[in-house]
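So this one's coords.cif, mmCIF, C-alpha atoms:
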```
data_final
#
loop_
_atom_site.label_atom_id
_atom_site.label_comp_id
_atom_site.auth_asym_id
_atom_site.auth_seq_id
_atom_site.Cartn_x
_atom_site.Cartn_y
_atom_site.Cartn_z
CA MET A 67 -5.33 -13.20 48.34
CA LYS A 68 -2.15 -11.75 46.85
CA SER A 69 -2.01 -14.52 44.28
CA VAL A 70 -5.63 -13.81 43.27
CA ILE A 71 -4.86 -10.10 42.83
CA TRP A 72 -1.67 -11.00 40.92
CA ASN A 73 -3.57 -13.35 38.61
CA MET A 74 -6.31 -10.78 38.06
CA GLY A 75 -3.64 -8.22 37.20
CA LEU A 76 -2.06 -10.55 34.65
CA LEU A 77 -5.47 -11.29 33.17
CA LEU A 78 -6.22 -7.57 32.89
CA ILE A 79 -2.88 -6.91 31.17
CA GLY A 80 -3.56 -9.78 28.78
CA LEU A 81 -7.03 -8.45 27.99
CA LEU A 82 -5.73 -4.92 27.41
CA THR A 83 -3.06 -6.24 25.06
CA ALA A 84 -5.63 -8.28 23.15
CA VAL A 85 -7.99 -5.30 22.88
CA GLN A 86 -5.19 -3.04 21.69
CA ALA A 87 -4.09 -5.61 19.12
CA ALA A 88 -7.68 -5.93 17.90
CA ALA A 89 -8.24 -2.18 17.73
CA GLN A 90 -8.83 -0.67 14.34
CA TRP A 91 -5.91 1.22 12.81
CA GLU A 92 -6.38 4.12 10.38
CA LEU A 93 -3.90 4.95 7.64
CA ASP A 94 -2.00 8.20 8.16
CA GLY A 95 -2.10 9.34 4.55
CA GLU A 96 0.30 12.24 5.07
CA ARG A 97 3.06 9.95 6.36
CA SER A 98 2.37 7.02 4.04
CA SER A 99 3.55 6.43 0.50
CA ILE A 100 3.21 4.00 -2.36
CA ASN A 101 6.00 4.41 -4.89
CA PHE A 102 6.56 2.87 -8.30
CA ILE A 103 9.47 3.02 -10.71
CA SER A 104 9.27 3.52 -14.46
CA MET A 105 12.15 2.58 -16.74
CA LYS A 106 12.41 4.34 -20.07
CA ASN A 107 14.82 3.82 -22.97
CA ALA A 108 16.21 0.81 -21.06
CA ALA A 109 18.45 3.02 -18.93
CA ILE A 110 16.54 5.85 -17.23
CA ALA A 111 14.66 4.99 -14.03
CA GLU A 112 12.30 7.44 -12.32
CA THR A 113 10.38 7.12 -9.07
CA HIS A 114 6.73 8.19 -8.89
CA SER A 115 4.13 8.12 -6.12
CA PHE A 116 0.51 8.71 -5.17
CA THR A 117 -0.33 11.54 -2.78
CA SER A 118 -3.84 10.50 -1.78
CA LEU A 119 -4.22 7.23 0.16
CA VAL A 120 -7.04 6.20 2.49
CA GLY A 121 -7.28 2.95 4.42
CA TYR A 122 -7.51 0.98 7.63
CA ILE A 123 -6.76 -2.28 9.38
CA GLY A 124 -9.90 -3.62 11.03
CA LYS A 125 -10.31 -5.34 14.36
CA THR A 126 -10.07 -8.81 12.81
CA GLY A 127 -7.05 -7.93 10.65
CA ASN A 128 -9.02 -7.07 7.52
CA VAL A 129 -7.19 -4.44 5.47
CA GLN A 130 -8.65 -1.97 2.99
CA LEU A 131 -6.59 0.59 1.09
CA ASN A 132 -7.84 3.03 -1.55
CA ILE A 133 -5.46 4.82 -3.93
CA ASP A 134 -6.67 7.92 -5.78
CA LEU A 135 -5.05 7.46 -9.20
CA ASN A 136 -5.61 11.14 -10.01
CA SER A 137 -3.07 11.87 -7.28
CA VAL A 138 -0.20 10.31 -9.25
CA GLU A 139 2.90 12.47 -8.77
CA THR A 140 5.81 12.27 -11.21
CA GLN A 141 7.23 15.76 -10.53
CA VAL A 142 6.25 16.74 -14.09
CA PRO A 143 2.68 18.16 -14.39
CA ILE A 144 2.17 17.21 -18.04
CA ARG A 145 3.35 13.67 -17.30
CA ASN A 146 0.90 13.47 -14.37
CA GLU A 147 -1.91 14.43 -16.76
CA ARG A 148 -0.79 11.92 -19.38
CA MET A 149 -0.64 9.10 -16.84
CA GLN A 150 -4.10 9.98 -15.57
CA LYS A 151 -5.61 10.13 -19.07
CA LEU A 152 -3.65 7.60 -21.13
CA LEU A 153 -2.43 5.02 -18.61
CA PHE A 154 -4.85 4.84 -15.69
CA GLU A 155 -7.84 6.27 -17.63
CA THR A 156 -9.05 7.86 -14.41
CA ALA A 157 -12.27 9.19 -15.98
CA GLU A 158 -13.43 5.55 -15.95
CA PHE A 159 -11.15 4.01 -13.30
CA PRO A 160 -10.39 6.71 -10.69
CA ASN A 161 -9.18 4.40 -7.92
CA ALA A 162 -7.11 1.33 -7.21
CA LYS A 163 -8.10 -0.81 -4.24
CA ILE A 164 -6.13 -3.22 -2.10
CA SER A 165 -7.78 -5.68 0.26
CA ALA A 166 -6.14 -8.27 2.50
CA ASN A 167 -6.33 -10.05 5.84
CA VAL A 168 -3.48 -9.84 8.33
CA ASP A 169 -3.11 -12.62 10.88
CA PRO A 170 -4.20 -11.16 14.26
CA ALA A 171 -1.13 -12.87 15.80
CA VAL A 172 1.06 -10.56 13.67
CA LEU A 173 -0.72 -7.50 15.04
CA ALA A 174 -0.50 -8.81 18.61
CA ALA A 175 3.24 -9.44 18.26
CA VAL A 176 3.80 -5.94 16.87
CA VAL A 177 1.75 -4.28 19.61
CA GLU A 178 3.96 -6.05 22.13
CA GLY A 179 7.02 -4.45 20.53
CA GLY A 180 8.00 -7.11 18.04
CA THR A 181 9.01 -6.82 14.41
CA VAL A 182 7.43 -9.31 12.05
CA GLY A 183 8.46 -10.17 8.51
CA THR A 184 5.73 -11.90 6.54
CA GLU A 185 4.09 -12.34 3.16
CA ILE A 186 0.53 -11.09 2.96
CA PRO A 187 -1.82 -12.31 0.21
CA VAL A 188 -3.61 -9.26 -1.19
CA THR A 189 -6.20 -8.57 -3.86
CA LEU A 190 -5.36 -5.61 -6.07
CA SER A 191 -8.20 -4.09 -8.10
CA LEU A 192 -6.83 -1.80 -10.79
CA HIS A 193 -8.17 -0.59 -14.13
CA GLY A 194 -11.22 -2.84 -13.87
CA LEU A 195 -9.22 -6.02 -13.24
CA GLU A 196 -8.26 -7.99 -10.11
CA GLN A 197 -5.17 -9.98 -9.31
CA GLU A 198 -4.13 -11.99 -6.25
CA LEU A 199 -0.61 -11.04 -5.18
CA ALA A 200 1.81 -11.97 -2.38
CA VAL A 201 3.35 -8.87 -0.81
CA ALA A 202 6.47 -9.24 1.34
CA VAL A 203 6.37 -6.77 4.24
CA THR A 204 7.95 -5.94 7.56
CA VAL A 205 5.51 -4.84 10.27
CA PHE A 206 6.58 -3.05 13.45
CA SER A 207 5.51 -0.48 16.01
CA ASP A 208 6.97 3.02 15.77
CA GLY A 209 6.16 5.45 18.57
CA GLY A 210 2.63 4.17 19.01
CA SER A 211 1.93 3.84 15.30
CA LEU A 212 1.99 0.68 13.24
CA ARG A 213 4.36 0.61 10.26
CA VAL A 214 4.10 -1.64 7.23
CA ILE A 215 6.99 -1.42 4.77
CA SER A 216 8.05 -3.49 1.79
CA SER A 217 10.64 -6.17 2.47
CA ARG A 218 11.24 -6.33 -1.26
CA PRO A 219 9.59 -4.54 -4.22
CA LEU A 220 6.41 -5.99 -5.64
CA LEU A 221 6.76 -6.43 -9.40
CA LEU A 222 3.55 -5.67 -11.30
CA ARG A 223 3.07 -6.57 -14.96
CA ALA A 224 1.15 -3.93 -16.89
CA ALA A 225 -0.59 -6.53 -19.07
CA ASP A 226 -2.16 -8.16 -15.98
CA PHE A 227 -4.19 -4.99 -15.44
CA GLY A 228 -4.87 -3.98 -19.05
CA LEU A 229 -2.27 -1.19 -18.86
CA ALA A 230 0.08 -2.27 -21.68
CA ASP A 231 -1.76 -0.18 -24.29
CA GLY A 232 -1.59 2.83 -21.99
CA ILE A 233 2.16 2.42 -21.59
CA GLU A 234 2.50 2.23 -25.38
CA ALA A 235 0.45 5.43 -25.71
CA LEU A 236 2.74 7.15 -23.21
CA ARG A 237 5.80 5.92 -25.12
CA GLU A 238 4.49 7.30 -28.41
CA ILE A 239 3.43 10.70 -27.10
CA ALA A 240 6.76 11.17 -25.28
CA GLY A 241 8.80 10.01 -28.30
CA LEU A 242 10.61 7.30 -26.35
CA LYS A 243 12.10 4.08 -27.68
CA THR A 244 10.85 1.95 -24.78
CA ILE A 245 9.02 2.07 -21.45
CA SER A 246 9.21 -1.06 -19.32
CA THR A 247 5.94 -2.90 -18.74
CA ALA A 248 7.25 -4.45 -15.50
CA ILE A 249 6.80 -1.98 -12.64
CA PRO A 250 8.46 -2.32 -9.20
CA VAL A 251 6.22 -1.01 -6.40
CA THR A 252 7.13 -0.30 -2.76
CA LEU A 253 5.02 0.48 0.31
CA ASN A 254 5.71 2.65 3.34
CA LEU A 255 2.48 2.75 5.34
CA HIS A 256 1.86 4.36 8.74
CA PHE A 257 -1.26 3.40 10.70
CA ARG A 258 -2.49 5.05 13.89
CA HIS A 259 -5.13 3.91 16.37
CA ALA A 260 -8.62 4.89 15.32
CA PRO A 261 -10.28 7.23 17.80
#
```

What is this structure when it is put down as structure tokens?
Amino acid sequence: MKSVIWNMGLLLIGLLTAVQAAAQWELDGERSSINFISMKNAAIAETHSFTSLVGYIGKTGNVQLNIDLNSVETQVPIRNERMQKLLFETAEFPNAKISANVDPAVLAAVVEGGTVGTEIPVTLSLHGLEQELAVAVTVFSDGGSLRVISSRPLLLRAADFGLADGIEALREIAGLKTISTAIPVTLNLHFRHAP
């Protein structure tokens, strides 16, 4: 009888772990960030971010992330406006979208207290174009939340998303010699259990 109760207990723990791992996670936008670096005149690097992010990880590991491009933050209001208008053209393309699928085994390992380093294939939709990218991340649990951070920066090429002309327009209006068209991007994402 004791062994039956013991086995039932182990089964229940296993089921609870599986359910928790399969639970949907919502992005905590206030604690999450996506940063990118611009390099101007071949020597001056500046870090920028987006302040409005919405997303989730679904029960089967499907990931959706929406970036409001009007929320670009460079710490210089006129530069924010120029990026919105000249680079991202937010009147026509207000959002960038990321979609991916995370292996449920990764989520299960993290829920159990593990830290997993992996590459996740993602689809990035930006400025009316899509690209398939491999994003290197570290995934771990942090006080009941799920964290996804970059293991190394993702390097985006402006031309792949039709942004090279926008970068040139920014260069001209700012009177700069150069602005790099290769953009390093990093992620620091916090997810919490959906209610």

Take every atom of stretch 114-117 of chain A listed in the file, pad by 8 Å on each side, and give me the axis-aligned box centre and edge lengths in Å, one decimal, as JSON.
```
{"center_x": 3.2, "center_y": 9.8, "center_z": -5.8, "size_x": 23.1, "size_y": 19.4, "size_z": 22.1}
```

- Compile the contact shell of stretch 223-234 of chain A as a list in words: residues with an atom at most 7 Å away, counting only C-alpha atoms, same-chain residues fewer than 5 positions apart removed. Leu152, Leu153, Leu192, His193, Leu195, Ile245, Thr247, Ala248 and Ile249 of chain A

- Message: Please expand the PyMOL selection byres ((chain A and resi 101-112) around 8) into the concrete residues it hits in this file, giving the result as a PyMOL selection string.
- Response: chain A and resi 99-100+113-116+242-246+249-253

- Residues within 6 Å of A:Leu212, only C-alpha atoms, excluding chain neighbours under 5 positions, as a ChimeraX atom specification: /A:206-207,256-257

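Nearest residue to A:Gly180, choosing from A:Arg258, A:Arg213, A:Arg237, A:Lys125 and counting all atoms listed in the file: A:Arg213.
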
- Message: Which residues, named as in the file, does the PyMOL selection byres ((chain A and resi 135-143) around 6) pick out? Answer as a list in words.
- Response: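 Against this file, the PyMOL selection byres ((chain A and resi 135-143) around 6) returns the residues His114, Ser115, Phe116, Thr117, Ser118, Ile133, Asp134, Ile144, Arg145, Asn146, Gln150, Pro160 and Asn161 of chain A.
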
- Query: What does the distance between atom CA of A:Trp91 and atom CA of A:Leu199 come to in Å, to one decimal place?
  - Reply: 22.4 Å
